[in-house]
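Below is one structure, written out as structure tokens; comments come after it.
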Amino acid sequence: MKKYFREISVAVALGLLLLVLAIFAPDFFKPTQLLTILTAAAPVLLAACGVALVIMCRQIDISIGSQFALCSIFAGMAAGHGLPMPLVMLLAIFSGALFGAINGAFVAGLGLPSIVVTLATMVTWREALRWWREGEFVRDLPGSFQWFGFSQSTGQIVLLAVAGVVFLILVFALKHVSGGRFVYAVGSDAEAARLAGINPRLVTFCVFVLMGALTGLAALLNAIRFPDVDPKTGTGLELQAIAAAVVGGVAISGGRGKLWGVLAGVLLLACIAPALVFLRAEPQWERAIQGSIILLAVAADGWRSRKGKI
Amino acid sequence: MTNPIANSATFKTTPKWKKAFFSFEALLVVVLVVEIIIFNSTGTNFTTRDNLFEILRFSVVLGLLALVMTPVILTGGIDLSVGSLLGLSAIVFGKLWRDAGMDPWLAAICTLVFGAVAGGLNAVLITRLRLPPLIVTLGSFSLFRGLAEALTRGVDNVTGFPESFLFLGQGYLFGVIPAQLPIFILVAVGVWLLVHQTTFGRSFRAIGFSPEGARYAGIPVERRVAFVYILSGFMAALAALVYVAHYGQAKADAGSGYELLAITAVVLGGTSIFGGIGSVHGTLLGLAVLAVLRRGLTLSDQPAELGSILTGGLLLAVLAGEVLLKKFSSRRARVKTNAQVSQITPTT
């Protein structure tokens, strides 16, 4: 019980929010409404899982929003050129992995601090995209792009299924595959992990690549929700993803965290904006509330570890 | 192989000019000169007095943030919230002046106090709860910008400030010198003296090298760290005032992305992101490289995006170059004698 305190407290907070909504705004629980919120949250979940892995490895990646935008545009253009959807998906994942590899090469290969490297790549990718596309949407996509060519309700379920399967694979791998355990080992103590025969640099590099691939997949799942691709998509996603991971109990000092907690964190943050609308508050408060939730979550962590020390 | 004592002697007697020549600052000066040569041929009216002052005017807001970001990074921390706090302070100032009916100068003083208090929020979370600065300021980055948006409902825009206040950002002293320049010079000299000439400021580097070691040396680590974050908040508010006076309007998105530029200027200037190593004059050089690059591209009719791309690329290239250079030189040193490697750690 104590071991999972953080995960449980997020789940309780989510439960409370849903309870308040159930009393004051029962309309929130209409199936179509819930499906819309969940399909919007699914791409964020994948991105947040990637970021959670990176944070567990005691690194950080804030270029994820820019990677997301570039992958969306790549996917949209590939689909526009008539590539079949499975290939489009592979392309999105591959290009994401490539961006991840670039970050990984700087961080793991050269030992540069990840915050500075990803700060630089964040700006570089975003601005390169703006220069290249000049804010232009990718339009006239084939019918097979939106919702994979299914009807909206089927498409939503397919999207959730894809995200769910990937999420479950990640949960399993992190717990039962040696590679997953390596992430915790390197995040807890890279030197000890090295002495235990793990290559910390390789693990870090792989985590960045995996995060890029997850971002690519997330970008595709997000893009198919709309009839055309917005080049500004994914702005601020890095904050959303990091917030979800931190709120969900992933320790920023590395080595600790559960993907179930990340799921709870994503759902909690995803419910705030619609909850504000349903409770008739002003939606402009969303960002301030997100920021306070991050600060509260880390402050709670700090408070607990401090009490534990004394 | 060779006599280690003889080697250590040659290591110590490297002539000063040679050290200065191969130093990081020298590299920045070269970059700066190359920039000026290129933009002089591609840009219109690049090397004129008016343009010089224009570059300075544009770098004041960013420069104030970068100057105090230097001590923050020297202590091994980071402050991602400065850009957001600039936006929030601008809104607070606009609201105090327009909606609360305050005299602009009284409102300005209140804004400065507000900035220090907001920086104090970061400071309390970082020092009292021992939280990593990165995540604390990421949270307040979101919180401050969110509050600015919420207070203005995302659309409100305060304009119509009195002439006497706008002079601070738009006026010229003696007809040529931008009015905000003296503020910048004052702050630059102040921060330089603080960091390089006082024991108080020297402790920032001690903390950056080893907080535990600094504590054992009798430095009140928490109070010093709290000080730099409060100073950072205060300076963000001051930068907000200059920003508002320059553009004549207070908007919620003021200063977005400035935290990145400020960090870039500091890191370009040779300050180690891990803390402990760095200098204020290095930051000023980094700032000059950035400002000249942006202004030069504008005058050469290049898109603004190219400036950002080059900034990001420059940051990565400089950092990678530094690491590779260090690897290369330490490998050479290891061949000579292993014992000397510890001496080669920079002692700035």
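As shown in the structure tokens, the chain order sets the letters A, B, ...; within each chain, residues go from 1, and ligands are also counted from 1 in the order they appear.
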
Given only C-alpha atoms, how would the per-residue table for chain A near chain B read, listing every residue at most 6 Å away with its closest atom pair and distance in Å to one decimal, sorted by chain and number, as a Markdown table?
```
| residue | atom | partner | partner_atom | distance |
| --- | --- | --- | --- | --- |
| A:Ala120 | CA | B:Gly312 | CA | 4.4 |
| A:Thr124 | CA | B:Ile309 | CA | 4.5 |
| A:Glu127 | CA | B:Glu305 | CA | 5.2 |
| A:Trp131 | CA | B:Glu305 | CA | 5.9 |
| A:Gln284 | CA | B:Ala150 | CA | 4.9 |
| A:Trp285 | CA | B:Ala150 | CA | 5.1 |
| A:Arg287 | CA | B:Gly146 | CA | 4.5 |
| A:Ala288 | CA | B:Gly146 | CA | 3.9 |
| A:Gly291 | CA | B:Leu143 | CA | 4.2 |
| A:Ser292 | CA | B:Leu143 | CA | 6.0 |
| A:Ile294 | CA | B:Gly139 | CA | 5.4 |
| A:Leu295 | CA | B:Gly139 | CA | 5.4 |
| A:Gly302 | CA | B:Leu129 | CA | 5.1 |
```

Go ahead and write the residues just picked, C-alpha atoms, as a compact mmCIF listing (two decimals), in the first residue's frame.
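Dumped everything to again29.txt:
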```txt
# COMPACT_ATOMS: atom_id res chain seq x y z
CA ALA A 120 17.97 23.03 -28.85
CA THR A 124 15.33 23.67 -34.31
CA GLU A 127 11.32 26.46 -36.55
CA TRP A 131 10.15 27.67 -42.35
CA GLN A 284 -8.43 29.95 -19.88
CA TRP A 285 -7.63 28.65 -16.41
CA ARG A 287 -2.90 26.03 -18.08
CA ALA A 288 -2.68 27.67 -14.65
CA GLY A 291 0.91 24.21 -13.60
CA SER A 292 -0.43 24.16 -10.05
CA ILE A 294 2.56 19.82 -11.33
CA LEU A 295 3.84 21.98 -8.47
CA GLY A 302 9.34 16.59 -1.64
```

Contact residues around A:Gly15 with only C-alpha atoms at 12 Å, ignoring same-chain residues under 3 positions, as a PyMOL selection string
chain A and resi 8-12+18-22+264-265+267-268+271

Once you have the residues from the selection above, write them out as a tab-separated table (two decimals), in the first residue's frame, restricted to C-alpha atoms.
```
chain	number	residue	atom	x	y	z
A	8	ILE	CA	-3.08	5.51	-5.49
A	9	SER	CA	-3.27	9.19	-4.57
A	10	VAL	CA	-3.48	10.17	-8.25
A	11	ALA	CA	-6.19	7.58	-8.81
A	12	VAL	CA	-8.09	8.99	-5.81
A	18	LEU	CA	-15.12	12.28	-11.71
A	19	LEU	CA	-17.39	12.20	-8.64
A	20	VAL	CA	-17.74	15.99	-8.66
A	21	LEU	CA	-18.53	15.83	-12.37
A	22	ALA	CA	-21.08	13.05	-11.78
A	264	ALA	CA	-3.93	7.98	-14.17
A	265	GLY	CA	-1.98	11.22	-14.58
A	267	LEU	CA	-6.58	10.90	-17.54
A	268	LEU	CA	-6.58	13.40	-14.67
A	271	CYS	CA	-10.37	15.66	-17.71
```

Give me the residues within 12 Å of stretch 96-103 of chain B as a PyMOL selection string, counting only C-alpha atoms and dropping any in the same chain fewer than 6 places off.
chain B and resi 89-90+109-111+114+151-152+156-162+164-165+241+249-250

Write a file of the selected residues as an mmCIF file, in the first residue's frame, keeping N, CA and C atoms.
```cif
data_model
loop_
_atom_site.group_PDB
_atom_site.id
_atom_site.type_symbol
_atom_site.label_atom_id
_atom_site.label_comp_id
_atom_site.auth_asym_id
_atom_site.auth_seq_id
_atom_site.Cartn_x
_atom_site.Cartn_y
_atom_site.Cartn_z
ATOM 1 N N SER B 89 4.236 39.364 -15.249
ATOM 2 C CA SER B 89 4.559 40.670 -14.658
ATOM 3 C C SER B 89 4.034 41.797 -15.539
ATOM 4 N N ALA B 90 4.144 41.609 -16.859
ATOM 5 C CA ALA B 90 3.635 42.633 -17.774
ATOM 6 C C ALA B 90 2.140 42.818 -17.544
ATOM 7 N N ILE B 109 6.911 49.734 -9.247
ATOM 8 C CA ILE B 109 7.552 49.241 -8.021
ATOM 9 C C ILE B 109 6.808 48.005 -7.512
ATOM 10 N N CYS B 110 5.462 48.068 -7.538
ATOM 11 C CA CYS B 110 4.673 46.909 -7.104
ATOM 12 C C CYS B 110 4.991 45.686 -7.973
ATOM 13 N N THR B 111 5.156 45.906 -9.281
ATOM 14 C CA THR B 111 5.459 44.799 -10.188
ATOM 15 C C THR B 111 6.795 44.160 -9.833
ATOM 16 N N PHE B 114 6.316 42.118 -6.905
ATOM 17 C CA PHE B 114 5.592 40.912 -7.314
ATOM 18 C C PHE B 114 6.550 39.887 -7.935
ATOM 19 N N LEU B 151 -5.864 35.815 -16.410
ATOM 20 C CA LEU B 151 -6.172 37.180 -15.999
ATOM 21 C C LEU B 151 -6.658 38.025 -17.166
ATOM 22 N N THR B 152 -6.160 37.714 -18.363
ATOM 23 C CA THR B 152 -6.559 38.517 -19.525
ATOM 24 C C THR B 152 -7.600 37.802 -20.361
ATOM 25 N N ASP B 156 -7.264 40.134 -23.652
ATOM 26 C CA ASP B 156 -7.111 41.497 -23.159
ATOM 27 C C ASP B 156 -5.692 41.989 -23.425
ATOM 28 N N ASN B 157 -5.579 43.234 -23.762
ATOM 29 C CA ASN B 157 -4.296 43.799 -24.158
ATOM 30 C C ASN B 157 -4.238 45.228 -23.638
ATOM 31 N N VAL B 158 -3.378 45.477 -22.662
ATOM 32 C CA VAL B 158 -3.330 46.804 -22.047
ATOM 33 C C VAL B 158 -2.433 47.715 -22.876
ATOM 34 N N THR B 159 -2.971 48.832 -23.327
ATOM 35 C CA THR B 159 -2.174 49.787 -24.122
ATOM 36 C C THR B 159 -2.429 51.200 -23.601
ATOM 37 N N GLY B 160 -1.823 52.162 -24.292
ATOM 38 C CA GLY B 160 -2.073 53.566 -23.973
ATOM 39 C C GLY B 160 -1.348 54.061 -22.735
ATOM 40 N N PHE B 161 -0.134 53.539 -22.516
ATOM 41 C CA PHE B 161 0.637 53.992 -21.363
ATOM 42 C C PHE B 161 1.095 55.427 -21.580
ATOM 43 N N PRO B 162 1.296 56.177 -20.461
ATOM 44 C CA PRO B 162 1.723 57.571 -20.606
ATOM 45 C C PRO B 162 3.103 57.684 -21.253
ATOM 46 N N SER B 164 5.652 59.433 -20.498
ATOM 47 C CA SER B 164 6.807 59.443 -19.594
ATOM 48 C C SER B 164 7.270 58.024 -19.309
ATOM 49 N N PHE B 165 6.325 57.065 -19.262
ATOM 50 C CA PHE B 165 6.719 55.687 -19.016
ATOM 51 C C PHE B 165 7.283 55.045 -20.287
ATOM 52 N N LEU B 241 8.951 45.330 -17.450
ATOM 53 C CA LEU B 241 8.699 46.772 -17.535
ATOM 54 C C LEU B 241 9.330 47.347 -18.801
ATOM 55 N N GLN B 249 2.637 47.868 -25.103
ATOM 56 C CA GLN B 249 1.456 47.075 -24.752
ATOM 57 C C GLN B 249 1.857 45.923 -23.834
ATOM 58 N N ALA B 250 0.896 45.535 -22.983
ATOM 59 C CA ALA B 250 1.103 44.406 -22.069
ATOM 60 C C ALA B 250 0.182 43.274 -22.503
#
```

Do you know which residues are at most 9 Å from A:Lys232 counting only C-alpha atoms, after dropping those on the same chain fewer than 3 positions away, and could you put them as a VMD selection string?
chain A and resid 66 69 126 130 135 137 229 235

Keeping only C-alpha atoms, take the residues you just selected and write them out as a PDB file, in the first residue's frame.
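As a result, out24.pdb now contains:
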```pdb
ATOM      1  CA  SER A  66       8.248  19.442 -32.124  1.00  0.00           C
ATOM      2  CA  ALA A  69       4.444  18.042 -35.217  1.00  0.00           C
ATOM      3  CA  ARG A 126       9.756  23.572 -34.682  1.00  0.00           C
ATOM      4  CA  ARG A 130       7.594  26.630 -39.758  1.00  0.00           C
ATOM      5  CA  GLY A 135       2.087  27.301 -41.342  1.00  0.00           C
ATOM      6  CA  PHE A 137      -2.046  22.678 -43.354  1.00  0.00           C
ATOM      7  CA  VAL A 229      -2.951  18.017 -40.498  1.00  0.00           C
ATOM      8  CA  THR A 235       2.661  22.729 -29.178  1.00  0.00           C
TER       9      THR A 235
END
```

Do a neighbour search on B:Gly282 at 7 Å with only C-alpha atoms, toss out local chain neighbours closer than 3 positions, and write the hits as JSON, numbers by chain.
{"B": [25, 269, 270, 279, 285, 286]}
